[in-house]
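Text of the file work23.pdb, holding PDB, C-alpha atoms:
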```pdb
MODEL        1
ATOM      1  CA  MET A   1    -142.519  14.512 -63.174  1.00  0.00           C
ATOM      2  CA  PRO A   2    -142.052  15.303 -59.494  1.00  0.00           C
ATOM      3  CA  GLN A   3    -138.690  14.942 -57.848  1.00  0.00           C
ATOM      4  CA  ASN A   4    -139.523  15.092 -54.153  1.00  0.00           C
ATOM      5  CA  LYS A   5    -136.854  16.004 -51.662  1.00  0.00           C
ATOM      6  CA  THR A   6    -136.599  13.660 -48.728  1.00  0.00           C
ATOM      7  CA  ALA A   7    -134.928  13.505 -45.336  1.00  0.00           C
ATOM      8  CA  LYS A   8    -134.155  10.665 -42.981  1.00  0.00           C
ATOM      9  CA  LEU A   9    -135.126  10.717 -39.354  1.00  0.00           C
ATOM     10  CA  LYS A  10    -133.582   8.356 -36.831  1.00  0.00           C
ATOM     11  CA  VAL A  11    -136.059   7.124 -34.218  1.00  0.00           C
ATOM     12  CA  THR A  12    -135.157   5.074 -31.139  1.00  0.00           C
ATOM     13  CA  ASP A  13    -137.636   2.708 -29.516  1.00  0.00           C
ATOM     14  CA  PRO A  14    -137.277   3.409 -25.774  1.00  0.00           C
ATOM     15  CA  GLU A  15    -138.245  -0.159 -24.836  1.00  0.00           C
ATOM     16  CA  THR A  16    -135.764  -1.968 -27.080  1.00  0.00           C
ATOM     17  CA  ASN A  17    -133.243   0.859 -27.503  1.00  0.00           C
ATOM     18  CA  LYS A  18    -133.105  -0.038 -31.212  1.00  0.00           C
ATOM     19  CA  SER A  19    -132.886   2.721 -33.793  1.00  0.00           C
ATOM     20  CA  LYS A  20    -134.681   2.789 -37.098  1.00  0.00           C
ATOM     21  CA  SER A  21    -134.366   5.259 -39.954  1.00  0.00           C
ATOM     22  CA  ILE A  22    -137.550   6.628 -41.436  1.00  0.00           C
ATOM     23  CA  GLN A  23    -137.635   8.574 -44.677  1.00  0.00           C
ATOM     24  CA  PHE A  24    -140.004  11.538 -45.139  1.00  0.00           C
ATOM     25  CA  VAL A  25    -140.842  13.773 -48.079  1.00  0.00           C
ATOM     26  CA  THR A  26    -139.813  17.343 -47.266  1.00  0.00           C
ATOM     27  CA  SER A  27    -140.922  19.094 -50.452  1.00  0.00           C
ATOM     28  CA  GLY A  28    -144.445  20.422 -50.675  1.00  0.00           C
ATOM     29  CA  CYS A  29    -146.732  23.379 -51.097  1.00  0.00           C
ATOM     30  CA  THR A  30    -149.147  25.346 -48.962  1.00  0.00           C
ATOM     31  CA  LEU A  31    -152.874  24.797 -49.384  1.00  0.00           C
ATOM     32  CA  TYR A  32    -154.838  27.807 -48.162  1.00  0.00           C
ATOM     33  CA  PHE A  33    -158.142  27.469 -46.303  1.00  0.00           C
ATOM     34  CA  ASN A  34    -160.006  29.535 -48.904  1.00  0.00           C
ATOM     35  CA  ALA A  35    -159.902  26.499 -51.238  1.00  0.00           C
ATOM     36  CA  GLN A  36    -162.072  24.177 -49.145  1.00  0.00           C
ATOM     37  CA  HIS A  37    -165.376  25.277 -50.667  1.00  0.00           C
ATOM     38  CA  LEU A  38    -163.980  24.289 -54.084  1.00  0.00           C
ATOM     39  CA  LEU A  39    -162.144  21.115 -53.132  1.00  0.00           C
ATOM     40  CA  VAL A  40    -165.307  19.595 -51.647  1.00  0.00           C
ATOM     41  CA  LYS A  41    -166.868  19.738 -55.144  1.00  0.00           C
ATOM     42  CA  LEU A  42    -164.224  17.413 -56.608  1.00  0.00           C
ATOM     43  CA  THR A  43    -164.553  13.658 -56.892  1.00  0.00           C
ATOM     44  CA  ASP A  44    -161.864  11.562 -55.209  1.00  0.00           C
ATOM     45  CA  LYS A  45    -160.081  11.066 -58.531  1.00  0.00           C
ATOM     46  CA  GLU A  46    -160.268  14.758 -59.470  1.00  0.00           C
ATOM     47  CA  ARG A  47    -158.887  15.724 -56.079  1.00  0.00           C
ATOM     48  CA  CYS A  48    -156.073  13.218 -56.428  1.00  0.00           C
ATOM     49  CA  PHE A  49    -155.225  14.602 -59.885  1.00  0.00           C
ATOM     50  CA  PHE A  50    -155.305  18.172 -58.525  1.00  0.00           C
ATOM     51  CA  ASP A  51    -152.930  17.198 -55.713  1.00  0.00           C
ATOM     52  CA  TYR A  52    -150.662  15.579 -58.309  1.00  0.00           C
ATOM     53  CA  LEU A  53    -150.650  18.813 -60.333  1.00  0.00           C
ATOM     54  CA  CYS A  54    -149.709  20.732 -57.190  1.00  0.00           C
ATOM     55  CA  GLU A  55    -146.870  18.304 -56.606  1.00  0.00           C
ATOM     56  CA  CYS A  56    -145.609  18.696 -60.189  1.00  0.00           C
ATOM     57  CA  MET A  57    -146.105  22.448 -60.625  1.00  0.00           C
ATOM     58  CA  ARG A  58    -143.055  24.639 -60.823  1.00  0.00           C
ATOM     59  CA  ALA A  59    -142.142  26.441 -57.607  1.00  0.00           C
ATOM     60  CA  THR A  60    -142.942  30.172 -57.374  1.00  0.00           C
ATOM     61  CA  THR A  61    -144.863  30.275 -60.682  1.00  0.00           C
ATOM     62  CA  ASN A  62    -147.248  27.336 -60.128  1.00  0.00           C
ATOM     63  CA  ASP A  63    -147.194  26.551 -63.842  1.00  0.00           C
ATOM     64  CA  ILE A  64    -147.764  23.075 -65.201  1.00  0.00           C
ATOM     65  CA  VAL A  65    -148.110  21.411 -68.583  1.00  0.00           C
ATOM     66  CA  ILE A  66    -151.146  19.133 -68.660  1.00  0.00           C
ATOM     67  CA  ASP A  67    -150.554  17.055 -71.757  1.00  0.00           C
ATOM     68  CA  SER A  68    -150.967  13.364 -72.565  1.00  0.00           C
ATOM     69  CA  ASN A  69    -147.549  12.556 -71.059  1.00  0.00           C
ATOM     70  CA  GLN A  70    -148.456  14.224 -67.761  1.00  0.00           C
ATOM     71  CA  LYS A  71    -151.830  12.456 -67.688  1.00  0.00           C
ATOM     72  CA  GLU A  72    -150.282   9.054 -68.450  1.00  0.00           C
ATOM     73  CA  HIS A  73    -147.681   9.561 -65.719  1.00  0.00           C
ATOM     74  CA  PHE A  74    -150.449  10.363 -63.252  1.00  0.00           C
ATOM     75  CA  ILE A  75    -152.442   7.282 -64.304  1.00  0.00           C
ATOM     76  CA  LYS A  76    -149.391   5.086 -63.783  1.00  0.00           C
ATOM     77  CA  GLN A  77    -148.720   6.636 -60.369  1.00  0.00           C
ATOM     78  CA  TYR A  78    -152.400   6.371 -59.373  1.00  0.00           C
ATOM     79  CA  ARG A  79    -152.543   2.687 -60.286  1.00  0.00           C
ATOM     80  CA  GLY A  80    -149.455   2.133 -58.152  1.00  0.00           C
ATOM     81  CA  PHE A  81    -151.159   3.248 -54.936  1.00  0.00           C
ATOM     82  CA  SER A  82    -154.840   2.622 -55.574  1.00  0.00           C
ATOM     83  CA  SER A  83    -156.868  -0.480 -56.263  1.00  0.00           C
ATOM     84  CA  LYS A  84    -159.383   1.671 -58.166  1.00  0.00           C
ATOM     85  CA  GLY A  85    -159.114   2.002 -61.909  1.00  0.00           C
ATOM     86  CA  ILE A  86    -158.638   5.301 -63.710  1.00  0.00           C
ATOM     87  CA  ASN A  87    -158.396   6.112 -67.385  1.00  0.00           C
ATOM     88  CA  LEU A  88    -157.298   8.912 -69.678  1.00  0.00           C
ATOM     89  CA  ALA A  89    -160.877  10.051 -70.365  1.00  0.00           C
ATOM     90  CA  GLU A  90    -161.530  10.610 -66.641  1.00  0.00           C
ATOM     91  CA  ILE A  91    -158.374  12.687 -66.305  1.00  0.00           C
ATOM     92  CA  THR A  92    -159.120  14.640 -69.471  1.00  0.00           C
ATOM     93  CA  LYS A  93    -162.620  15.467 -68.152  1.00  0.00           C
ATOM     94  CA  SER A  94    -161.187  16.689 -64.854  1.00  0.00           C
ATOM     95  CA  VAL A  95    -159.226  19.541 -66.485  1.00  0.00           C
ATOM     96  CA  PRO A  96    -162.368  21.564 -67.419  1.00  0.00           C
ATOM     97  CA  THR A  97    -163.739  20.921 -63.923  1.00  0.00           C
ATOM     98  CA  LEU A  98    -160.568  22.280 -62.314  1.00  0.00           C
ATOM     99  CA  LYS A  99    -160.704  25.285 -64.670  1.00  0.00           C
ATOM    100  CA  SER A 100    -164.389  26.015 -64.013  1.00  0.00           C
ATOM    101  CA  LEU A 101    -163.760  25.994 -60.266  1.00  0.00           C
ATOM    102  CA  GLY A 102    -160.789  28.336 -60.675  1.00  0.00           C
ATOM    103  CA  LEU A 103    -158.336  25.845 -59.206  1.00  0.00           C
ATOM    104  CA  ILE A 104    -156.270  26.045 -62.389  1.00  0.00           C
ATOM    105  CA  LEU A 105    -156.017  28.983 -64.766  1.00  0.00           C
ATOM    106  CA  ASP A 106    -155.701  28.655 -68.508  1.00  0.00           C
ATOM    107  CA  THR A 107    -153.088  30.529 -70.497  1.00  0.00           C
ATOM    108  CA  PRO A 108    -152.747  31.379 -74.182  1.00  0.00           C
ATOM    109  CA  LYS A 109    -150.353  28.435 -74.568  1.00  0.00           C
ATOM    110  CA  LYS A 110    -151.876  25.057 -75.390  1.00  0.00           C
ATOM    111  CA  ALA A 111    -151.811  22.573 -72.478  1.00  0.00           C
ATOM    112  CA  PHE A 112    -150.079  25.169 -70.253  1.00  0.00           C
ATOM    113  CA  TYR A 113    -151.875  26.061 -67.015  1.00  0.00           C
ATOM    114  CA  ILE A 114    -151.229  27.777 -63.709  1.00  0.00           C
ATOM    115  CA  VAL A 115    -152.384  26.222 -60.457  1.00  0.00           C
ATOM    116  CA  ASN A 116    -154.191  29.148 -58.853  1.00  0.00           C
ATOM    117  CA  PRO A 117    -151.850  30.715 -56.252  1.00  0.00           C
ATOM    118  CA  LYS A 118    -154.899  32.096 -54.452  1.00  0.00           C
ATOM    119  CA  TYR A 119    -155.447  28.526 -53.237  1.00  0.00           C
ATOM    120  CA  VAL A 120    -152.075  26.727 -53.447  1.00  0.00           C
ATOM    121  CA  PHE A 121    -148.480  27.931 -53.622  1.00  0.00           C
ATOM    122  CA  LYS A 122    -144.942  26.576 -53.496  1.00  0.00           C
ATOM    123  CA  GLY A 123    -142.917  29.232 -51.732  1.00  0.00           C
ATOM    124  CA  SER A 124    -143.233  31.843 -49.026  1.00  0.00           C
ATOM    125  CA  ASN A 125    -146.399  33.847 -48.443  1.00  0.00           C
ATOM    126  CA  HIS A 126    -144.480  37.009 -49.377  1.00  0.00           C
ATOM    127  CA  LEU A 127    -143.553  35.510 -52.773  1.00  0.00           C
ATOM    128  CA  ARG A 128    -147.139  34.334 -53.185  1.00  0.00           C
ATOM    129  CA  MET A 129    -148.500  37.850 -52.670  1.00  0.00           C
ATOM    130  CA  GLN A 130    -146.005  39.287 -55.158  1.00  0.00           C
ATOM    131  CA  TYR A 131    -146.846  36.599 -57.695  1.00  0.00           C
ATOM    132  CA  ILE A 132    -150.627  37.052 -57.388  1.00  0.00           C
ATOM    133  CA  LYS A 133    -150.196  40.799 -57.986  1.00  0.00           C
ATOM    134  CA  LYS A 134    -147.953  40.179 -61.011  1.00  0.00           C
ATOM    135  CA  LEU A 135    -150.316  37.499 -62.333  1.00  0.00           C
ATOM    136  CA  ILE A 136    -153.389  39.745 -62.061  1.00  0.00           C
ATOM    137  CA  GLU A 137    -151.585  42.626 -63.775  1.00  0.00           C
ATOM    138  CA  SER A 138    -150.230  40.461 -66.595  1.00  0.00           C
ATOM    139  CA  ARG A 139    -153.582  38.732 -67.163  1.00  0.00           C
ATOM    140  CA  LEU A 140    -155.281  42.140 -67.363  1.00  0.00           C
ATOM    141  CA  THR A 141    -152.698  43.232 -69.960  1.00  0.00           C
ATOM    142  CA  GLU A 142    -153.206  40.013 -71.954  1.00  0.00           C
ATOM    143  CA  GLY A 143    -157.009  40.250 -71.800  1.00  0.00           C
ATOM    144  CA  LEU A 144    -157.328  37.048 -69.762  1.00  0.00           C
ATOM    145  CA  SER A 145    -159.834  36.497 -66.978  1.00  0.00           C
ATOM    146  CA  ILE A 146    -158.828  37.355 -63.427  1.00  0.00           C
ATOM    147  CA  ALA A 147    -162.130  36.215 -61.887  1.00  0.00           C
ATOM    148  CA  ALA A 148    -160.583  33.251 -60.064  1.00  0.00           C
ATOM    149  CA  LEU A 149    -157.852  35.449 -58.574  1.00  0.00           C
ATOM    150  CA  ILE A 150    -160.015  38.156 -57.008  1.00  0.00           C
ATOM    151  CA  ASN A 151    -162.760  38.227 -54.395  1.00  0.00           C
ATOM    152  CA  THR A 152    -165.142  40.572 -56.215  1.00  0.00           C
ATOM    153  CA  PRO A 153    -166.935  40.237 -59.537  1.00  0.00           C
ATOM    154  CA  GLU A 154    -164.487  40.879 -62.368  1.00  0.00           C
ATOM    155  CA  ASN A 155    -166.598  43.648 -63.963  1.00  0.00           C
ATOM    156  CA  GLU A 156    -166.773  45.418 -60.607  1.00  0.00           C
ATOM    157  CA  PHE A 157    -162.998  45.120 -60.187  1.00  0.00           C
ATOM    158  CA  ARG A 158    -162.351  46.528 -63.657  1.00  0.00           C
ATOM    159  CA  GLY A 159    -165.128  49.128 -63.315  1.00  0.00           C
TER     160      GLY A 159
ENDMDL
END
```

Serialized structure, structure tokens:
Amino acid sequence: MPQNKTAKLKVTDPETNKSKSIQFVTSGCTLYFNAQHLLVKLTDKERCFFDYLCECMRATTNDIVIDSNQKEHFIKQYRGFSSKGINLAEITKSVPTLKSLGLILDTPKKAFYIVNPKYVFKGSNHLRMQYIKKLIESRLTEGLSIAALINTPENEFRG
């Protein structure tokens, strides 16, 4: 479950000269513009779940376990900030959608996924580029699809 880093900012109202402390989340990830054509295809709930996965993914490897515990934690969090209902079946159905769009990549391990670093990454752009290269090479070695990581048809890339 996410442990967001926060910082406090002291703000002074110039009219009253009173200071107030405001807390902000300082942890996050970078969303790249090349994801917009995929994100627009998600429902509000799917997009919210995807953002949650990005928040929970491990830094520099973007990996995440999407199991019943993770889904239940998301449902609890979602109900805390939304008046809309959401259930386990809706979340479970969103995983194949995220996979088919290439926003998450499957792995040989059950319930273990990688949020596609082509679209989202926690870390510097330099580390992102290194990781994408390593990920493509390792997926080729393991016989896994690289289609969502490249900008050409996979058979053309391998050809």

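If only C-alpha atoms are the atoms counted, then among A:Glu142, A:Glu46, A:Glu15, A:Glu156 the closest residue to A:Tyr78 is A:Glu46.
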
Figure out the distance between atom CA of A:Thr6 and atom CA of A:Gln77, please, to one decimal in Å. 18.2 Å

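Computed from the coordinates, the atom CA of A:Arg79 to atom CA of A:Thr26 distance equals 23.4 Å.
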
Work out how far atom CA of A:Ser68 is from atom CA of A:Asn116, in Å to one decimal. 21.2 Å

Residue by residue, what does the PyMOL selection byres ((chain A and resi 39-44) around 9) grab here? Present the result as a PDB file with C-alpha atoms, in the frame of the given file.
```
ATOM      1  CA  ALA A  35    -159.902  26.499 -51.238  1.00  0.00           C
ATOM      2  CA  GLN A  36    -162.072  24.177 -49.145  1.00  0.00           C
ATOM      3  CA  HIS A  37    -165.376  25.277 -50.667  1.00  0.00           C
ATOM      4  CA  LEU A  38    -163.980  24.289 -54.084  1.00  0.00           C
ATOM      5  CA  LYS A  45    -160.081  11.066 -58.531  1.00  0.00           C
ATOM      6  CA  GLU A  46    -160.268  14.758 -59.470  1.00  0.00           C
ATOM      7  CA  ARG A  47    -158.887  15.724 -56.079  1.00  0.00           C
ATOM      8  CA  CYS A  48    -156.073  13.218 -56.428  1.00  0.00           C
ATOM      9  CA  PHE A  49    -155.225  14.602 -59.885  1.00  0.00           C
ATOM     10  CA  SER A  94    -161.187  16.689 -64.854  1.00  0.00           C
ATOM     11  CA  THR A  97    -163.739  20.921 -63.923  1.00  0.00           C
ATOM     12  CA  LEU A  98    -160.568  22.280 -62.314  1.00  0.00           C
ATOM     13  CA  LEU A 101    -163.760  25.994 -60.266  1.00  0.00           C
ATOM     14  CA  LEU A 103    -158.336  25.845 -59.206  1.00  0.00           C
TER      15      LEU A 103
END
```

Please build the interface table for stretch 30-99 of chain A against stretch 124-133 of chain A with a cut-off of 10 Å, listing for each qualifying residue the nearest atom pair and the distance in Å to one decimal; count all atoms listed in the file, order rows by chain and increasing number, and write it as a tab-separated table.
```
residue	atom	partner	partner_atom	distance
A:Thr30	CA	A:Ser124	CA	8.8
A:Thr60	CA	A:Leu127	CA	7.1
A:Thr61	CA	A:Tyr131	CA	7.3
A:Asn62	CA	A:Tyr131	CA	9.6
```

Run through the PyMOL selection byres ((chain A and resi 114) around 7) on the given coordinates and return the selected residues as an MDAnalysis selection string. chainID A and resid 62:64 104:106 113 115:116

A:Ile22 environment, 9 Å, only C-alpha atoms, sequence neighbours closer than 3 positions dropped, as an NGL selection string: :A and (7-11)

Please define a box with edges along x, y and z of the file around all atoms of stretch 103-115 of chain A given in the file, extend it by 6 Å on each side, and return its centre and edge lengths in Å to one decimal, as AutoDock Vina command-line options.
```
--center_x -154.2 --center_y 27.0 --center_z -67.3 --size_x 20.3 --size_y 20.8 --size_z 28.2
```

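Using all atoms listed in the file, the nearest neighbour of A:Ser138 within the list A:Thr107, A:Asn34, A:Ser27, A:Thr152 is A:Thr107.
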
Exactly which residues make up the result of the PyMOL selection byres ((chain A and resi 111) around 8) on this file, given as a PyMOL selection string? chain A and resi 65-67+109-110+112-113

Export C-alpha atoms of the chosen residues as a PDB file, in the frame of the given file?
```pdb
ATOM      1  CA  VAL A  65    -148.110  21.411 -68.583  1.00  0.00           C
ATOM      2  CA  ILE A  66    -151.146  19.133 -68.660  1.00  0.00           C
ATOM      3  CA  ASP A  67    -150.554  17.055 -71.757  1.00  0.00           C
ATOM      4  CA  LYS A 109    -150.353  28.435 -74.568  1.00  0.00           C
ATOM      5  CA  LYS A 110    -151.876  25.057 -75.390  1.00  0.00           C
ATOM      6  CA  PHE A 112    -150.079  25.169 -70.253  1.00  0.00           C
ATOM      7  CA  TYR A 113    -151.875  26.061 -67.015  1.00  0.00           C
TER       8      TYR A 113
END
```

So, counting only C-alpha atoms, which residue among A:Ile136, A:Val120, A:Leu88, A:Ile75 is closest to A:Cys54? A:Val120

Residue nearest A:Asn69 - candidates A:Gly102, A:Asn155, A:Lys122, A:Thr92, atoms counted: only C-alpha atoms: A:Thr92

Counting all atoms listed in the file, the residue among A:Glu90, A:Lys118, A:Met57, A:Pro108 that lies closest to A:Gly143 is A:Pro108
